[in-house]
Structures are given as C-alpha cells and as structure tokens.
file start.pdb (PDB, C-alpha atoms (C1' of nucleotides))
MODEL        1
ATOM      1  CA  MET A 182      -3.213 -75.712  93.927
ATOM      2  CA  SER A 183      -5.487 -75.382  96.954
ATOM      3  CA  ASP A 184      -3.682 -72.220  98.052
ATOM      4  CA  ILE A 185      -4.327 -70.612  94.646
ATOM      5  CA  ILE A 186      -8.003 -71.406  94.966
ATOM      6  CA  SER A 187      -8.160 -70.207  98.559
ATOM      7  CA  SER A 188      -6.554 -66.883  97.743
ATOM      8  CA  LEU A 189      -8.963 -66.314  94.845
ATOM      9  CA  TYR A 190     -12.165 -67.851  96.075
ATOM     10  CA  GLY A 191     -11.552 -68.252  99.834
ATOM     11  CA  GLU A 192     -13.827 -65.355 100.680
ATOM     12  CA  LEU A 193     -16.499 -66.618  98.349
ATOM     13  CA  PHE A 194     -16.780 -70.364  98.987
ATOM     14  CA  GLU A 195     -17.042 -72.399 102.170
ATOM     15  CA  ALA A 196     -14.223 -74.710 103.188
ATOM     16  CA  ASP A 197     -15.896 -77.936 102.048
ATOM     17  CA  LEU A 198     -16.509 -76.567  98.597
ATOM     18  CA  LEU A 199     -12.957 -75.243  98.319
ATOM     19  CA  ALA A 200     -11.711 -78.704  99.163
ATOM     20  CA  GLU A 201     -13.900 -80.281  96.494
ATOM     21  CA  ILE A 202     -12.667 -77.806  93.904
ATOM     22  CA  SER A 203      -9.083 -78.652  94.800
ATOM     23  CA  THR A 204      -9.755 -82.345  94.352
ATOM     24  CA  CYS A 205     -11.765 -82.210  91.136
ATOM     25  CA  GLY A 206     -10.246 -79.240  89.375
ATOM     26  CA  ILE A 207      -7.468 -79.301  86.823
ATOM     27  CA  VAL A 208      -5.311 -76.220  86.336
ATOM     28  CA  LYS A 209      -4.717 -75.360  82.703
ATOM     29  CA  SER A 210      -2.546 -72.742  81.055
ATOM     30  CA  VAL A 211      -3.863 -71.274  77.834
ATOM     31  CA  PRO A 212      -1.602 -69.226  75.562
ATOM     32  CA  LYS A 213      -2.870 -66.042  73.951
ATOM     33  CA  GLU A 214      -5.119 -66.521  70.890
ATOM     34  CA  GLU A 215      -5.884 -70.149  71.669
ATOM     35  CA  LEU A 216      -9.393 -71.340  70.833
ATOM     36  CA  LEU A 217     -11.074 -72.687  73.957
ATOM     37  CA  ILE A 218     -14.610 -73.358  72.780
ATOM     38  CA  ASP A 219     -16.102 -73.195  69.288
ATOM     39  CA  ILE A 220     -19.671 -73.027  68.031
ATOM     40  CA  GLY A 221     -21.346 -76.385  68.048
ATOM     41  CA  SER A 222     -18.895 -78.083  70.363
ATOM     42  CA  TYR A 223     -20.013 -79.900  73.477
ATOM     43  CA  ILE A 224     -18.668 -78.631  76.747
ATOM     44  CA  LYS A 225     -17.151 -81.074  79.195
ATOM     45  CA  HIS A 226     -15.667 -78.696  81.734
ATOM     46  CA  MET A 227     -16.529 -75.383  83.205
ATOM     47  CA  PRO A 228     -13.751 -72.837  83.621
ATOM     48  CA  LEU A 229     -12.876 -70.721  86.640
ATOM     49  CA  LEU A 230     -10.405 -68.011  85.723
ATOM     50  CA  ILE A 231      -7.286 -67.605  87.833
ATOM     51  CA  HIS A 232      -5.752 -64.817  85.784
ATOM     52  CA  GLY A 233      -5.840 -63.563  82.210
ATOM     53  CA  ALA A 234      -8.871 -62.884  80.037
ATOM     54  CA  ILE A 235     -11.084 -64.754  77.620
ATOM     55  CA  LYS A 236     -13.187 -63.097  74.963
ATOM     56  CA  ILE A 237     -16.609 -64.499  74.232
ATOM     57  CA  ILE A 238     -17.725 -64.102  70.627
ATOM     58  CA  ARG A 239     -20.906 -64.733  68.708
ATOM     59  CA  VAL A 240     -20.555 -65.702  65.042
ATOM     60  CA  ASP A 241     -23.200 -65.280  62.344
ATOM     61  CA  ASN A 242     -23.820 -67.457  59.292
ATOM     62  CA  ASP A 243     -21.328 -65.529  57.181
ATOM     63  CA  GLY A 244     -18.616 -65.945  59.783
ATOM     64  CA  ASN A 245     -18.779 -62.365  61.030
ATOM     65  CA  GLU A 246     -17.707 -62.190  64.646
ATOM     66  CA  LEU A 247     -19.346 -60.095  67.332
ATOM     67  CA  LEU A 248     -17.654 -59.491  70.655
ATOM     68  CA  LEU A 249     -20.074 -60.184  73.502
ATOM     69  CA  TYR A 250     -17.993 -59.802  76.650
ATOM     70  CA  PHE A 251     -14.751 -60.689  78.388
ATOM     71  CA  LEU A 252     -14.216 -63.148  81.223
ATOM     72  CA  GLU A 253     -11.637 -62.081  83.779
ATOM     73  CA  LYS A 254     -10.206 -63.230  87.084
ATOM     74  CA  GLY A 255     -12.891 -64.854  89.243
ATOM     75  CA  ASP A 256     -15.353 -65.155  86.377
ATOM     76  CA  THR A 257     -16.891 -68.261  84.920
ATOM     77  CA  CYS A 258     -18.746 -68.937  81.704
ATOM     78  CA  ALA A 259     -22.524 -68.652  81.674
ATOM     79  CA  MET A 260     -22.686 -70.498  78.365
ATOM     80  CA  THR A 261     -21.108 -73.513  79.993
ATOM     81  CA  MET A 262     -23.850 -73.561  82.581
ATOM     82  CA  THR A 263     -26.633 -73.489  80.016
ATOM     83  CA  CYS A 264     -24.938 -76.203  77.992
ATOM     84  CA  CYS A 265     -24.510 -78.445  81.010
ATOM     85  CA  MET A 266     -28.109 -78.114  82.023
ATOM     86  CA  GLY A 267     -29.641 -78.615  78.611
ATOM     87  CA  GLN A 268     -27.093 -81.024  77.118
ATOM     88  CA  SER A 269     -26.874 -78.673  74.166
ATOM     89  CA  ARG A 270     -23.980 -77.376  72.102
ATOM     90  CA  SER A 271     -22.120 -74.125  72.508
ATOM     91  CA  GLU A 272     -23.643 -71.072  70.828
ATOM     92  CA  ILE A 273     -20.505 -69.047  71.251
ATOM     93  CA  ARG A 274     -16.776 -69.078  70.549
ATOM     94  CA  ALA A 275     -14.244 -68.507  73.323
ATOM     95  CA  ILE A 276     -10.688 -67.363  72.630
ATOM     96  CA  ALA A 277      -7.930 -66.455  75.090
ATOM     97  CA  GLU A 278      -7.349 -62.725  74.813
ATOM     98  CA  VAL A 279      -4.054 -62.891  76.718
ATOM     99  CA  ASP A 280      -2.066 -65.723  78.284
ATOM    100  CA  THR A 281      -4.490 -67.192  80.770
ATOM    101  CA  GLU A 282      -4.618 -69.729  83.599
ATOM    102  CA  LEU A 283      -7.830 -71.368  84.645
ATOM    103  CA  ILE A 284      -9.261 -74.227  86.636
ATOM    104  CA  LEU A 285     -11.330 -76.797  84.774
ATOM    105  CA  LEU A 286     -14.161 -78.421  86.691
ATOM    106  CA  PRO A 287     -16.073 -81.449  85.414
ATOM    107  CA  ILE A 288     -19.611 -80.415  84.568
ATOM    108  CA  GLU A 289     -21.223 -83.156  86.668
ATOM    109  CA  LYS A 290     -20.005 -81.299  89.732
ATOM    110  CA  MET A 291     -21.766 -78.183  88.715
ATOM    111  CA  GLU A 292     -25.192 -79.570  89.564
ATOM    112  CA  GLU A 293     -23.982 -81.611  92.520
ATOM    113  CA  TRP A 294     -22.484 -78.524  94.182
ATOM    114  CA  LEU A 295     -25.779 -76.674  94.137
ATOM    115  CA  LYS A 296     -26.162 -78.077  97.638
ATOM    116  CA  TYR A 297     -23.642 -75.431  98.689
ATOM    117  CA  LYS A 298     -25.263 -72.046  99.201
ATOM    118  CA  THR A 299     -22.115 -70.178  98.185
ATOM    119  CA  TRP A 300     -22.035 -72.130  94.916
ATOM    120  CA  ARG A 301     -25.671 -71.311  94.141
ATOM    121  CA  ASP A 302     -24.952 -67.656  94.849
ATOM    122  CA  PHE A 303     -21.890 -67.771  92.631
ATOM    123  CA  VAL A 304     -23.754 -69.326  89.701
ATOM    124  CA  PHE A 305     -26.629 -66.896  90.068
ATOM    125  CA  GLU A 306     -24.386 -63.877  90.374
ATOM    126  CA  SER A 307     -22.431 -65.066  87.350
ATOM    127  CA  TYR A 308     -25.554 -65.232  85.245
ATOM    128  CA  ASN A 309     -26.503 -61.774  86.416
ATOM    129  CA  SER A 310     -23.251 -60.105  85.542
ATOM    130  CA  ARG A 311     -22.989 -61.803  82.144
ATOM    131  CA  LEU A 312     -26.516 -60.732  81.260
ATOM    132  CA  TYR A 313     -25.672 -57.203  82.311
ATOM    133  CA  GLU A 314     -22.548 -57.179  80.148
ATOM    134  CA  MET A 315     -24.536 -58.415  77.181
ATOM    135  CA  LEU A 316     -27.051 -55.612  77.632
ATOM    136  CA  ASP A 317     -24.140 -53.215  77.669
ATOM    137  CA  ALA A 318     -22.814 -54.758  74.456
ATOM    138  CA  ILE A 319     -26.199 -54.351  72.810
ATOM    139  CA  ASP A 320     -26.413 -50.710  73.899
ATOM    140  CA  THR A 321     -22.974 -50.099  72.480
ATOM    141  CA  LEU A 322     -23.898 -51.627  69.137
ATOM    142  CA  ALA A 323     -27.275 -50.005  68.808
ATOM    143  CA  PHE A 324     -26.741 -46.541  70.180
ATOM    144  CA  MET A 325     -23.070 -45.607  70.008
ATOM    145  CA  ASN A 326     -21.203 -44.192  67.016
ATOM    146  CA  MET A 327     -18.086 -45.868  65.771
ATOM    147  CA  ASP A 328     -15.799 -43.304  67.441
ATOM    148  CA  ASP A 329     -17.304 -43.988  70.862
ATOM    149  CA  ARG A 330     -17.239 -47.710  70.222
ATOM    150  CA  LEU A 331     -13.577 -47.528  69.271
ATOM    151  CA  LEU A 332     -12.688 -45.531  72.395
ATOM    152  CA  LYS A 333     -14.572 -47.965  74.568
ATOM    153  CA  TYR A 334     -12.879 -50.873  72.825
ATOM    154  CA  LEU A 335      -9.430 -49.365  73.417
ATOM    155  CA  ARG A 336     -10.131 -48.665  77.087
ATOM    156  CA  ASN A 337     -11.364 -52.212  77.518
ATOM    157  CA  LYS A 338      -8.199 -53.531  75.928
ATOM    158  CA  VAL A 339      -6.100 -51.446  78.293
ATOM    159  CA  ILE A 340      -7.855 -52.923  81.312
ATOM    160  CA  ILE A 341      -7.626 -56.483  80.076
ATOM    161  CA  SER A 342      -4.022 -56.432  78.884
ATOM    162  CA  LYS A 343      -3.025 -54.425  81.976
ATOM    163  CA  SER A 344      -1.019 -52.112  79.725
ATOM    164  CA  ASN A 345      -1.730 -48.955  77.768
ATOM    165  CA  GLU A 346       0.584 -50.159  75.025
ATOM    166  CA  LEU A 347      -1.709 -52.221  72.814
ATOM    167  CA  ARG A 348       0.016 -54.339  70.203
ATOM    168  CA  ILE A 349      -2.673 -54.500  67.567
ATOM    169  CA  SER A 350      -3.016 -53.412  63.936
ATOM    170  CA  HIS A 351      -5.758 -51.162  62.564
ATOM    171  CA  GLN A 352      -6.995 -54.067  60.467
ATOM    172  CA  ASP A 353      -7.464 -56.292  63.505
ATOM    173  CA  ILE A 354      -9.419 -53.588  65.317
ATOM    174  CA  ALA A 355     -11.590 -53.063  62.231
ATOM    175  CA  TYR A 356     -12.273 -56.773  62.120
ATOM    176  CA  GLU A 357     -13.329 -56.920  65.768
ATOM    177  CA  LEU A 358     -15.615 -53.911  65.455
ATOM    178  CA  ASN A 359     -17.050 -55.093  62.134
ATOM    179  CA  THR A 360     -15.941 -52.082  60.127
ATOM    180  CA  SER A 361     -13.273 -51.190  57.570
ATOM    181  CA  ARG A 362      -9.666 -50.299  58.229
ATOM    182  CA  VAL A 363     -10.091 -46.906  56.559
ATOM    183  CA  VAL A 364     -12.520 -45.884  59.268
ATOM    184  CA  ILE A 365     -10.299 -47.121  62.094
ATOM    185  CA  SER A 366      -7.227 -45.420  60.647
ATOM    186  CA  ARG A 367      -9.110 -42.152  60.265
ATOM    187  CA  LEU A 368     -10.578 -42.262  63.781
ATOM    188  CA  LEU A 369      -7.285 -43.264  65.369
ATOM    189  CA  LYS A 370      -5.622 -40.397  63.551
ATOM    190  CA  ARG A 371      -8.244 -38.043  64.960
ATOM    191  CA  PHE A 372      -7.776 -39.442  68.479
ATOM    192  CA  GLU A 373      -4.059 -38.855  68.104
ATOM    193  CA  LYS A 374      -4.651 -35.212  67.168
ATOM    194  CA  GLU A 375      -6.911 -34.911  70.220
ATOM    195  CA  ASN A 376      -4.039 -36.315  72.318
ATOM    196  CA  LYS A 377      -6.101 -39.286  73.388
ATOM    197  CA  ILE A 378      -3.670 -41.815  71.961
ATOM    198  CA  LYS A 379      -0.326 -42.185  70.213
ATOM    199  CA  ILE A 380      -0.003 -44.291  67.086
ATOM    200  CA  TYR A 381       2.970 -46.448  66.197
ATOM    201  CA  ARG A 382       3.282 -49.284  63.730
ATOM    202  CA  SER A 383       1.054 -52.172  64.918
ATOM    203  CA  ARG A 384       0.938 -50.468  68.297
ATOM    204  CA  VAL A 385      -1.314 -47.962  70.035
ATOM    205  CA  GLU A 386      -0.593 -46.132  73.288
ATOM    206  CA  VAL A 387      -3.721 -45.002  75.128
ATOM    207  CA  LEU A 388      -3.210 -41.733  77.000
ATOM    208  CA  GLU A 389      -6.723 -40.877  78.197
ATOM    209  CA  TYR A 390      -8.961 -43.223  80.068
TER     210      TYR A 390
ATOM    211  C1'  DT B 392     -23.420 -37.323  55.138
ATOM    212  C1'  DC B 393     -20.676 -41.073  56.232
ATOM    213  C1'  DA B 394     -19.201 -46.139  55.402
ATOM    214  C1'  DT B 395     -17.123 -49.291  52.216
ATOM    215  C1'  DT B 396     -14.165 -50.814  48.669
ATOM    216  C1'  DA B 397     -10.273 -50.587  45.870
ATOM    217  C1'  DA B 398      -6.098 -48.642  44.721
ATOM    218  C1'  DC B 399      -1.589 -46.714  45.562
ATOM    219  C1'  DA B 400       2.530 -44.637  47.667
ATOM    220  C1'  DC B 401       5.270 -44.260  51.784
ATOM    221  C1'  DG B 402       8.277 -45.966  55.045
ATOM    222  C1'  DG B 403       9.151 -48.664  59.546
ATOM    223  C1'  DG B 404      10.627 -52.756  61.352
TER     224       DG B 404
ATOM    225  C1'  DC C1394      11.845 -56.277  51.300
ATOM    226  C1'  DC C1395       7.043 -56.869  53.222
ATOM    227  C1'  DC C1396       3.106 -55.196  55.078
ATOM    228  C1'  DG C1397       0.956 -51.767  58.108
ATOM    229  C1'  DT C1398      -0.535 -47.274  57.408
ATOM    230  C1'  DG C1399      -2.433 -42.761  55.385
ATOM    231  C1'  DT C1400      -5.060 -40.989  51.829
ATOM    232  C1'  DT C1401      -8.066 -40.511  47.957
ATOM    233  C1'  DA C1402     -11.625 -41.485  44.507
ATOM    234  C1'  DA C1403     -15.734 -43.920  43.324
ATOM    235  C1'  DT C1404     -19.906 -45.868  44.815
ATOM    236  C1'  DG C1405     -23.614 -46.918  47.886
ATOM    237  C1'  DA C1406     -26.858 -46.509  51.913
TER     238       DA C1406
ENDMDL
END

call {"tool": "encode", "arguments": {"input": "start.pdb", "output": "structure tokens"}}
result
Amino acid sequence: MSDIISSLYGELFEADLLAEISTCGIVKSVPKEELLIDIGSYIKHMPLLIHGAIKIIRVDNDGNELLLYFLEKGDTCAMTMTCCMGQSRSEIRAIAEVDTELILLPIEKMEEWLKYKTWRDFVFESYNSRLYEMLDAIDTLAFMNMDDRLLKYLRNKVIISKSNELRISHQDIAYELNTSRVVISRLLKRFEKENKIKIYRSRVEVLEY
DNA sequence: TCATTAACACGGG
DNA sequence: CCCGTGTTAATGA
C-alpha cells in the first residue's frame, strides 16, 4: 500500500506524512454506480482517490439532481472537510462514476495532520480547485445553451471514462442535464450530422474534442 | 422560438 | 420480444 501512496502523493507529501497515511489509511474498491455519500449522512472518513472518478451531486427538494463536479485521481472531497470541521451532515451526494479505488482516512487525522505544511497546502489547494469547478458549473448552467452543455458533458465523460465510446442512453443524459430525452435525441442527431459524434444504441462515440 | 410532454412506430440487441 | 430511439403534435413559457 505504501508504494501506491508514494507513487501518487510522493511528490506532494513529506515522508512522515506518507508514513502516517500508510498506517491509518484503508484502501477501498468501489464499483461503478455505487453510492458513497448521501445527503444528510455523517462522514467518518475522507477519501483520497487512487484511480477512477466520483461525481458530486446536489439534490433539491423534489429530488432533481444537479452535477457539481467530478473527483479524479489525486483529488479529495471538500465537503468531507467542511463536515469534519463543523460536525455537520453532508449536503451532497457522491456516486462512483466508474470503478474506483480510494484510500479512506479517519477524519480525526485530518485536523491532526495540519501540523504538516504539505497537508495544509493540499487541503487549501483542494478547496481552491473545488470552488473553481463549482464556479465553472454555475457558468455552464447560467450562460450556456443546452447544445453547448451537452457537448461539454460528453467531452467530460470522455476524459473521465478514458474512452470515446460512452455507454449511456439518451434518457440518462437527459436526466443528468435536467432536460427531456426529446431534446437530447435531437441535439445528438444534429451533432452526428455535424460529424462530431456517432450514435449507436445506448452508445455514443465522440469524434471531436 | 424553443422546451416539455405524451404518443407511437421502428428496429437493434 | 423489450426498450432505446426518432419523430410529431399539442401545449406552455
């Protein structure tokens, strides 16, 4: 386990901290689609991603889901940090986007490790990048048309699944973008005519990036 | 004008 | 066959 951590975080953390992570951390495999954290749940561990991707979703009172951002290799969850500090419950839902492996660290350590400069930097930088991604998500929602949003969504999927063959139905895309399938089908059809993508049954091949 | 909803036929897996 | 997909018509914002 320590060699996995070293290869991922060796540049980032000092030796003492790496050793502590090895001792305290638990490696967990999470299959695709598995629910990691739900709204209202207390958080006992903070995750460090080894590989894979986790989507972070906000849910409104009617159960509508809104995609906030993805966590990828080397990322951690900013929500966890806020929850640990304030003893509050999760405001978000976290679901594995693909098969994922991560290290779970007990939350008590999170504060204790602030004595390490590299840890403080990591936490701070994490907050920064998550905030930036949320701003980007807000921009997308507020200022982009559905066709641009769909393109962006597809490109994002390509990056995260590490494949330009996306196995997803029009209905699922519509659900994630909070729109109707008719719109997605029509836009995808248009993208296909513009040679941006190819459409198969429950499958989309992205040609342009 | 463009999204949503419902309805329906087609055909791929 | 089952359900994902393409399309249309009606209605609303």

call {"tool": "resolve_selection", "arguments": {"input": "start.pdb", "expression": "the PyMOL selection byres ((chain A) within 10 of (chain C))", "output": "MDAnalysis selection string"}}
result
chainID A and resid 350:352 362:363 366:367 370 381:383

call {"tool": "closest_atom_pairs", "arguments": {"input": "start.pdb", "of": "chain B", "to": "chain A", "cutoff": "12 Å", "atoms": "all atoms listed in the file", "output": "tab-separated table"}}
result
residue	atom	partner	partner_atom	distance
B:DC393	C1'	A:Val364	CA	9.9
B:DA394	C1'	A:Val364	CA	7.7
B:DT395	C1'	A:Ser361	CA	6.9
B:DT396	C1'	A:Ser361	CA	9.0
B:DA397	C1'	A:Val363	CA	11.3
B:DG402	C1'	A:Arg382	CA	10.6
B:DG403	C1'	A:Arg382	CA	7.2
B:DG404	C1'	A:Arg382	CA	8.5

call {"tool": "write_last_selection", "arguments": {"input": "start.pdb", "atoms": "C-alpha atoms (C1' of nucleotides)", "output": "CSV table (one decimal), in the frame of the given file"}}
result
chain,number,residue,atom,x,y,z
B,393,DC,C1',-20.7,-41.1,56.2
B,394,DA,C1',-19.2,-46.1,55.4
B,395,DT,C1',-17.1,-49.3,52.2
B,396,DT,C1',-14.2,-50.8,48.7
B,397,DA,C1',-10.3,-50.6,45.9
B,402,DG,C1',8.3,-46.0,55.0
B,403,DG,C1',9.2,-48.7,59.5
B,404,DG,C1',10.6,-52.8,61.4

call {"tool": "atom_distance", "arguments": {"input": "start.pdb", "atom1": "CA of Gln268 in chain A", "atom2": "CA of Leu198 in chain A"}}
result
24.4 Å

call {"tool": "atom_distance", "arguments": {"input": "start.pdb", "atom1": "CA of Glu357 in chain A", "atom2": "CA of Arg270 in chain A"}}
result
23.9 Å

call {"tool": "atom_distance", "arguments": {"input": "start.pdb", "atom1": "CA of Ile365 in chain A", "atom2": "CA of Leu217 in chain A"}}
result
28.2 Å

call {"tool": "resolve_selection", "arguments": {"input": "start.pdb", "expression": "the PyMOL selection byres ((chain A and resi 183-192) around 9)", "output": "number ranges by chain"}}
result
A: 182, 193-196, 199-200, 202-204, 231, 254-255, 284

call {"tool": "residues_around", "arguments": {"input": "start.pdb", "residues": "Ala318 in chain A", "least_positions_apart": "5", "cutoff": "10 Å", "atoms": "only C-alpha atoms (C1' of nucleotides)", "output": "list in words"}}
result
Leu247, Leu248, Leu249, Tyr250, Leu312, Tyr313, Ala323 and Arg330 of chain A

call {"tool": "closest_residue", "arguments": {"input": "start.pdb", "among": "A:Asp256, A:Leu347, A:Asn376, A:Lys296", "to": "Asp197 in chain A", "atoms": "only C-alpha atoms"}}
result
A:Lys296
